[in-house]
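Novice: Contents are mmCIF, C-alpha atoms; file name entry.cif:
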data_target
loop_
_atom_site.label_atom_id
_atom_site.label_comp_id
_atom_site.auth_asym_id
_atom_site.auth_seq_id
_atom_site.Cartn_x
_atom_site.Cartn_y
_atom_site.Cartn_z
CA MET A 12 -40.59 -57.12 138.09
CA GLU A 13 -39.33 -59.41 140.81
CA SER A 14 -37.74 -62.77 140.31
CA SER A 15 -36.49 -65.16 142.88
CA GLU A 16 -33.72 -67.68 142.89
CA SER A 17 -34.57 -68.72 146.47
CA SER A 18 -37.55 -70.41 148.02
CA GLY A 19 -40.65 -68.72 149.39
CA ASP A 20 -39.47 -69.74 152.86
CA ALA A 21 -36.54 -67.34 152.48
CA ALA A 22 -38.85 -64.34 152.25
CA SER A 23 -40.78 -65.37 155.34
CA GLU A 24 -37.52 -65.92 157.22
CA ALA A 25 -36.39 -62.45 156.16
CA LYS A 26 -39.57 -61.06 157.72
CA SER A 27 -38.89 -62.59 161.15
CA GLY A 28 -36.52 -59.80 162.25
CA LYS A 29 -33.73 -59.68 164.85
CA ARG A 30 -30.96 -60.36 162.38
CA ARG A 31 -27.68 -58.75 161.35
CA ALA A 32 -28.16 -57.14 157.95
CA LEU A 33 -25.56 -55.74 155.57
CA LEU A 34 -26.38 -53.12 152.95
CA LEU A 35 -23.69 -53.22 150.26
CA LEU A 36 -23.53 -49.98 148.25
CA GLY A 37 -21.45 -49.49 145.16
CA CYS A 38 -20.91 -46.31 143.18
CA PRO A 39 -23.83 -43.91 143.80
CA GLU A 40 -24.14 -42.97 140.13
CA VAL A 41 -27.89 -43.74 140.00
CA PRO A 42 -29.86 -41.25 142.14
CA VAL A 43 -32.26 -43.73 143.78
CA GLN A 44 -29.51 -45.68 145.53
CA THR A 45 -29.07 -43.36 148.52
CA SER A 46 -32.76 -42.86 149.25
CA ILE A 47 -33.53 -46.57 148.90
CA ALA A 48 -30.57 -47.48 151.14
CA LEU A 49 -31.86 -45.12 153.84
CA TYR A 50 -35.40 -46.46 153.45
CA LEU A 51 -34.27 -50.10 153.61
CA SER A 52 -32.14 -49.39 156.68
CA PHE A 53 -35.14 -47.70 158.32
CA LYS A 54 -37.38 -50.72 157.60
CA LEU A 55 -34.81 -53.21 158.89
CA ARG A 56 -34.05 -51.23 162.05
CA LYS A 57 -37.75 -50.68 162.71
CA ARG A 58 -38.31 -54.43 162.91
CA GLY A 59 -35.31 -54.83 165.22
CA ASP A 60 -32.52 -55.84 162.86
CA GLU A 61 -28.97 -54.59 163.32
CA VAL A 62 -27.84 -52.82 160.13
CA VAL A 63 -24.35 -52.20 158.81
CA VAL A 64 -23.88 -50.12 155.66
CA ALA A 65 -20.76 -50.88 153.64
CA GLY A 66 -19.98 -48.88 150.56
CA THR A 67 -17.58 -46.94 148.42
CA GLY A 68 -16.31 -43.67 149.83
CA ALA A 69 -18.79 -41.62 147.80
CA ALA A 70 -21.74 -43.86 148.71
CA LEU A 71 -20.94 -43.61 152.42
CA LYS A 72 -20.51 -39.83 152.25
CA LEU A 73 -23.93 -39.46 150.61
CA THR A 74 -25.70 -41.69 153.14
CA LYS A 75 -24.02 -39.97 156.10
CA PHE A 76 -24.83 -36.54 154.67
CA ALA A 77 -28.47 -37.53 154.17
CA ASP A 78 -28.70 -38.93 157.73
CA PRO A 79 -26.37 -36.72 159.81
CA GLU A 80 -27.78 -37.80 163.17
CA GLY A 81 -27.79 -41.51 162.33
CA HIS A 82 -31.53 -42.06 162.58
CA TYR A 83 -31.53 -44.55 159.71
CA ILE A 84 -27.99 -45.79 159.36
CA GLY A 85 -25.76 -46.91 162.17
CA GLU A 86 -22.42 -48.55 161.63
CA THR A 87 -20.73 -47.86 158.30
CA MET A 88 -17.58 -49.23 156.78
CA ASN A 89 -15.60 -49.27 153.56
CA ILE A 90 -16.88 -51.94 151.16
CA ASP A 91 -13.45 -53.48 150.55
CA ARG A 92 -12.67 -53.63 154.29
CA CYS A 93 -16.06 -55.27 154.87
CA ILE A 94 -15.46 -57.92 152.21
CA ALA A 95 -11.99 -58.61 153.60
CA SER A 96 -13.42 -58.99 157.12
CA ILE A 97 -16.02 -61.50 155.91
CA SER A 98 -13.56 -63.47 153.78
CA GLU A 99 -11.18 -63.71 156.76
CA GLY A 100 -13.99 -65.07 158.93
CA LYS A 101 -13.92 -62.10 161.32
CA ARG A 102 -17.59 -61.25 160.83
CA ASP A 103 -20.63 -62.23 158.83
CA PHE A 104 -24.28 -61.34 158.46
CA ASP A 105 -27.65 -63.07 158.32
CA LEU A 106 -28.92 -60.92 155.46
CA CYS A 107 -27.15 -59.03 152.71
CA PHE A 108 -28.80 -56.50 150.42
CA ALA A 109 -26.43 -55.78 147.56
CA PHE A 110 -27.24 -52.75 145.42
CA ALA A 111 -26.39 -53.18 141.73
CA HIS A 112 -26.84 -50.88 138.76
CA SER A 113 -23.75 -52.07 136.88
CA ASP A 114 -21.51 -55.08 136.38
CA ALA A 115 -19.42 -53.92 139.36
CA GLY A 116 -22.45 -54.20 141.66
CA ILE A 117 -23.15 -57.70 140.36
CA THR A 118 -19.52 -58.60 141.02
CA TYR A 119 -19.77 -57.40 144.64
CA ALA A 120 -22.99 -59.40 145.06
CA GLY A 121 -21.38 -62.49 143.54
CA THR A 122 -18.44 -62.14 145.91
CA MET A 123 -20.87 -62.02 148.83
CA SER A 124 -22.64 -65.16 147.60
CA TYR A 125 -19.30 -66.94 147.68
CA ILE A 126 -17.81 -65.70 150.98
CA SER A 127 -20.84 -65.12 153.20
CA LYS A 128 -23.51 -67.30 154.75
CA ALA A 129 -25.97 -64.39 154.50
CA GLU A 130 -29.24 -64.76 152.67
CA LEU A 131 -28.55 -62.60 149.63
CA PHE A 132 -30.95 -60.09 148.10
CA VAL A 133 -29.74 -58.18 145.05
CA LEU A 134 -31.49 -54.89 144.35
CA ILE A 135 -30.99 -54.36 140.64
CA PHE A 136 -31.95 -50.94 139.36
CA GLY A 137 -31.18 -48.37 136.69
CA ARG A 138 -32.05 -48.13 133.03
CA GLY A 139 -30.89 -51.64 132.09
CA ALA A 140 -32.01 -53.42 135.25
CA GLU A 141 -33.75 -56.38 133.63
CA GLU A 142 -30.83 -57.09 131.29
CA LEU A 143 -28.38 -56.78 134.17
CA ALA A 144 -30.46 -59.17 136.28
CA GLU A 145 -30.14 -61.81 133.56
CA THR A 146 -26.36 -61.86 134.06
CA ILE A 147 -26.63 -63.18 137.63
CA GLU A 148 -25.56 -66.81 137.85
CA PHE A 149 -25.44 -67.25 141.64
CA ASP A 150 -28.11 -68.03 144.23
CA CYS A 151 -29.95 -64.91 145.40
CA ARG A 152 -33.29 -63.21 145.58
CA LYS A 153 -33.50 -60.62 142.80
CA LEU A 154 -35.42 -57.38 143.32
CA VAL A 155 -35.49 -55.77 139.89
CA ALA A 156 -36.81 -52.34 138.88
CA ASN A 157 -35.95 -49.95 136.07
CA ALA A 158 -35.67 -47.19 138.68
CA VAL A 159 -33.32 -44.27 138.13
CA HIS A 160 -34.93 -41.22 139.75
CA ASP A 161 -38.18 -42.64 141.16
CA PRO A 162 -37.58 -44.88 144.20
CA MET A 163 -41.19 -46.13 144.37
CA PRO A 164 -40.72 -49.31 142.26
CA LEU A 165 -37.87 -50.43 144.54
CA LYS A 166 -39.78 -49.37 147.66
CA LYS A 167 -42.65 -51.63 146.63
CA LEU A 168 -40.31 -54.61 146.20
CA ILE A 169 -38.62 -53.94 149.54
CA ASP A 170 -41.97 -53.66 151.29
CA GLU A 171 -42.96 -57.07 149.89
CA VAL A 172 -39.82 -58.62 151.36
CA ILE A 173 -39.61 -56.77 154.67
CA ASP A 174 -43.25 -56.30 155.76
#
In structure tokens, what does this structure look like?
Specialist:
Amino acid sequence: MESSESSGDAASEAKSGKRRALLLLGCPEVPVQTSIALYLSFKLRKRGDEVVVAGTGAALKLTKFADPEGHYIGETMNIDRCIASISEGKRDFDLCFAFAHSDAGITYAGTMSYISKAELFVLIFGRGAEELAETIEFDCRKLVANAVHDPMPLKKLIDEVID
């Protein structure tokens, strides 16, 4: 299931490429997060976007371990340092893909909607994805799938946005 809080023009703009994109990763408790983050980074970089991955310590360790030569991820940074940098006006992004499988992920996404000019996509996944998606009260494009172990439902949603 996919729902959208933004216009159809936003999706076509996201397909134009050559933008700075942020992938915001919270706790990697749900197995699909790492593989989907690597896949999304691959898709964005393939079309020419610059990608920064910000996450918790564990999330960054898993992505770096899965991509030791940096074929899919480039720059990485601590999620709290990234948010501080944006809120202080030191950097910002054109696109933000916030990963959320819990209230904490929704909170990070909500923070981004407030401090950043980035077009915000929230990838909501896990066992209670649809219920979690209903808690979002800020402007964003929701990509919702009850994915825990199988990344294919999220891959399909990403492909619809990126291709």
Novice: Expand the PyMOL selection byres ((chain A and resi 41) around 8) into the explicit residue set it covers here, and present it as number ranges by chain.
Specialist: A: 39-40, 42-44, 112, 137, 159-160
Novice: Work out how far apart CA of Gly37 (chain A) and CA of Cys107 (chain A) are and give it in Å to one decimal.
Specialist: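 Answer for the CA of Gly37 (chain A) to CA of Cys107 (chain A) separation: 13.4 Å.
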Novice: Extract, using only C-alpha atoms, all DNA, RNA and protein residues at most 7 Å from Arg30 (chain A), discarding same-chain residues fewer than 3 positions from it, and format them as a list in words.
Specialist: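 Near Arg30 (chain A), the qualifying residues are Asp60, Glu61 and Asp105 of chain A.
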Novice: May I ask which of the residues A:Lys153, A:Ile173, A:Thr45, A:Phe53 is the closest one to Phe76 (chain A), counting all atoms listed in the file?
Specialist: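 Closest candidate: A:Thr45.
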Novice: Given the PyMOL selection byres ((chain A and resi 90) around 10) and the file above, list the residues it selects as a list in words.
Specialist: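 Checked against the file, the PyMOL selection byres ((chain A and resi 90) around 10) matches Leu34, Leu35, Leu36, Gly37, Val64, Ala65, Gly66, Thr67, Gly68, Ala70, Leu71, Thr87, Met88, Asn89, Asp91, Arg92, Cys93, Ile94, Ala95, Ser96 and Tyr119 of chain A.
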Novice: Residues picked by the PyMOL selection byres ((chain A and resi 162) around 12) here, as a short mmCIF file (atom, residue, chain, number, x, y, z; two decimals) with C-alpha atoms, in the frame of the given file?
Specialist:
data_model
loop_
_atom_site.label_atom_id
_atom_site.label_comp_id
_atom_site.auth_asym_id
_atom_site.auth_seq_id
_atom_site.Cartn_x
_atom_site.Cartn_y
_atom_site.Cartn_z
CA VAL A 41 -27.89 -43.74 140.00
CA PRO A 42 -29.86 -41.25 142.14
CA VAL A 43 -32.26 -43.73 143.78
CA GLN A 44 -29.51 -45.68 145.53
CA THR A 45 -29.07 -43.36 148.52
CA SER A 46 -32.76 -42.86 149.25
CA ILE A 47 -33.53 -46.57 148.90
CA ALA A 48 -30.57 -47.48 151.14
CA LEU A 49 -31.86 -45.12 153.84
CA TYR A 50 -35.40 -46.46 153.45
CA LEU A 51 -34.27 -50.10 153.61
CA LEU A 134 -31.49 -54.89 144.35
CA PHE A 136 -31.95 -50.94 139.36
CA GLY A 137 -31.18 -48.37 136.69
CA VAL A 155 -35.49 -55.77 139.89
CA ALA A 156 -36.81 -52.34 138.88
CA ASN A 157 -35.95 -49.95 136.07
CA ALA A 158 -35.67 -47.19 138.68
CA VAL A 159 -33.32 -44.27 138.13
CA HIS A 160 -34.93 -41.22 139.75
CA ASP A 161 -38.18 -42.64 141.16
CA MET A 163 -41.19 -46.13 144.37
CA PRO A 164 -40.72 -49.31 142.26
CA LEU A 165 -37.87 -50.43 144.54
CA LYS A 166 -39.78 -49.37 147.66
CA LYS A 167 -42.65 -51.63 146.63
CA LEU A 168 -40.31 -54.61 146.20
CA ILE A 169 -38.62 -53.94 149.54
#
Novice: If I take CA of Ser124 (chain A) and CA of Leu154 (chain A), how far is one from the other in Å, to one decimal?
Specialist: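 Separation between CA of Ser124 (chain A) and CA of Leu154 (chain A): 15.6 Å.
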Novice: In terms of the shortest atom-to-atom distance over only C-alpha atoms, which of A:Ile117, A:Tyr125, A:Ala111, A:Gly85 is closest to Arg138 (chain A)?
Specialist: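 Ranked by minimum distance to Arg138 (chain A), first place goes to A:Ala111.
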Novice: Nearest to Ser98 (chain A) among A:Ile126, A:Cys151, A:Ile84, A:Ala120, with distances taken over only C-alpha atoms: which residue is it?
Specialist: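 Closest to Ser98 (chain A) of all the choices is A:Ile126.
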Novice: Taking all atoms listed in the file into account, which of A:Glu145, A:Asp114, A:Glu80, A:Asp170 comes nearest Cys38 (chain A)?
Specialist: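 Under the stated criterion, the closest residue is A:Asp114.
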Novice: Take CA of Ser52 (chain A) and CA of Lys72 (chain A) and report the distance between them in Å, one decimal.
Specialist: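 Separation between CA of Ser52 (chain A) and CA of Lys72 (chain A): 15.7 Å.
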Novice: For Arg152 (chain A), which residue out of A:Ala115, A:Leu33, A:Leu106, A:Ala140 is the nearest one, using all atoms listed in the file?
Specialist: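 The shortest atom-to-atom distance to Arg152 (chain A) comes from A:Leu106.
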Novice: Measuring between all atoms listed in the file, which one of A:Phe108, A:Ser113, A:Val62, A:Ala32 shows the shortest distance to Glu141 (chain A)?
Specialist: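 Using all atoms listed in the file, Glu141 (chain A) sits closest to A:Ser113.
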Novice: Please, what is the axis-aligned box for every listed atom of region 76-92 of chain A with 4 Å on each side, as centre and edge lengths in Å to one decimal, as lines of an AutoDock Vina configuration file?
Specialist:
center_x = -22.1
center_y = -45.1
center_z = 156.9
size_x = 26.9
size_y = 25.1
size_z = 20.6
Novice: Would you pick out the contacts of Ser127 (chain A) at 7 Å or less, using all atoms listed in the file, so that residues sharing its chain but fewer than 3 positions from it are not included, and give the list as a PyMOL selection string?
Specialist: chain A and resi 97+103+123-124
Novice: What would the file look like if the residues just selected were written as a tab-separated table (two decimals), in the coordinates of the input with C-alpha atoms?
Specialist:
chain	number	residue	atom	x	y	z
A	97	ILE	CA	-16.02	-61.50	155.91
A	103	ASP	CA	-20.63	-62.23	158.83
A	123	MET	CA	-20.87	-62.02	148.83
A	124	SER	CA	-22.64	-65.16	147.60
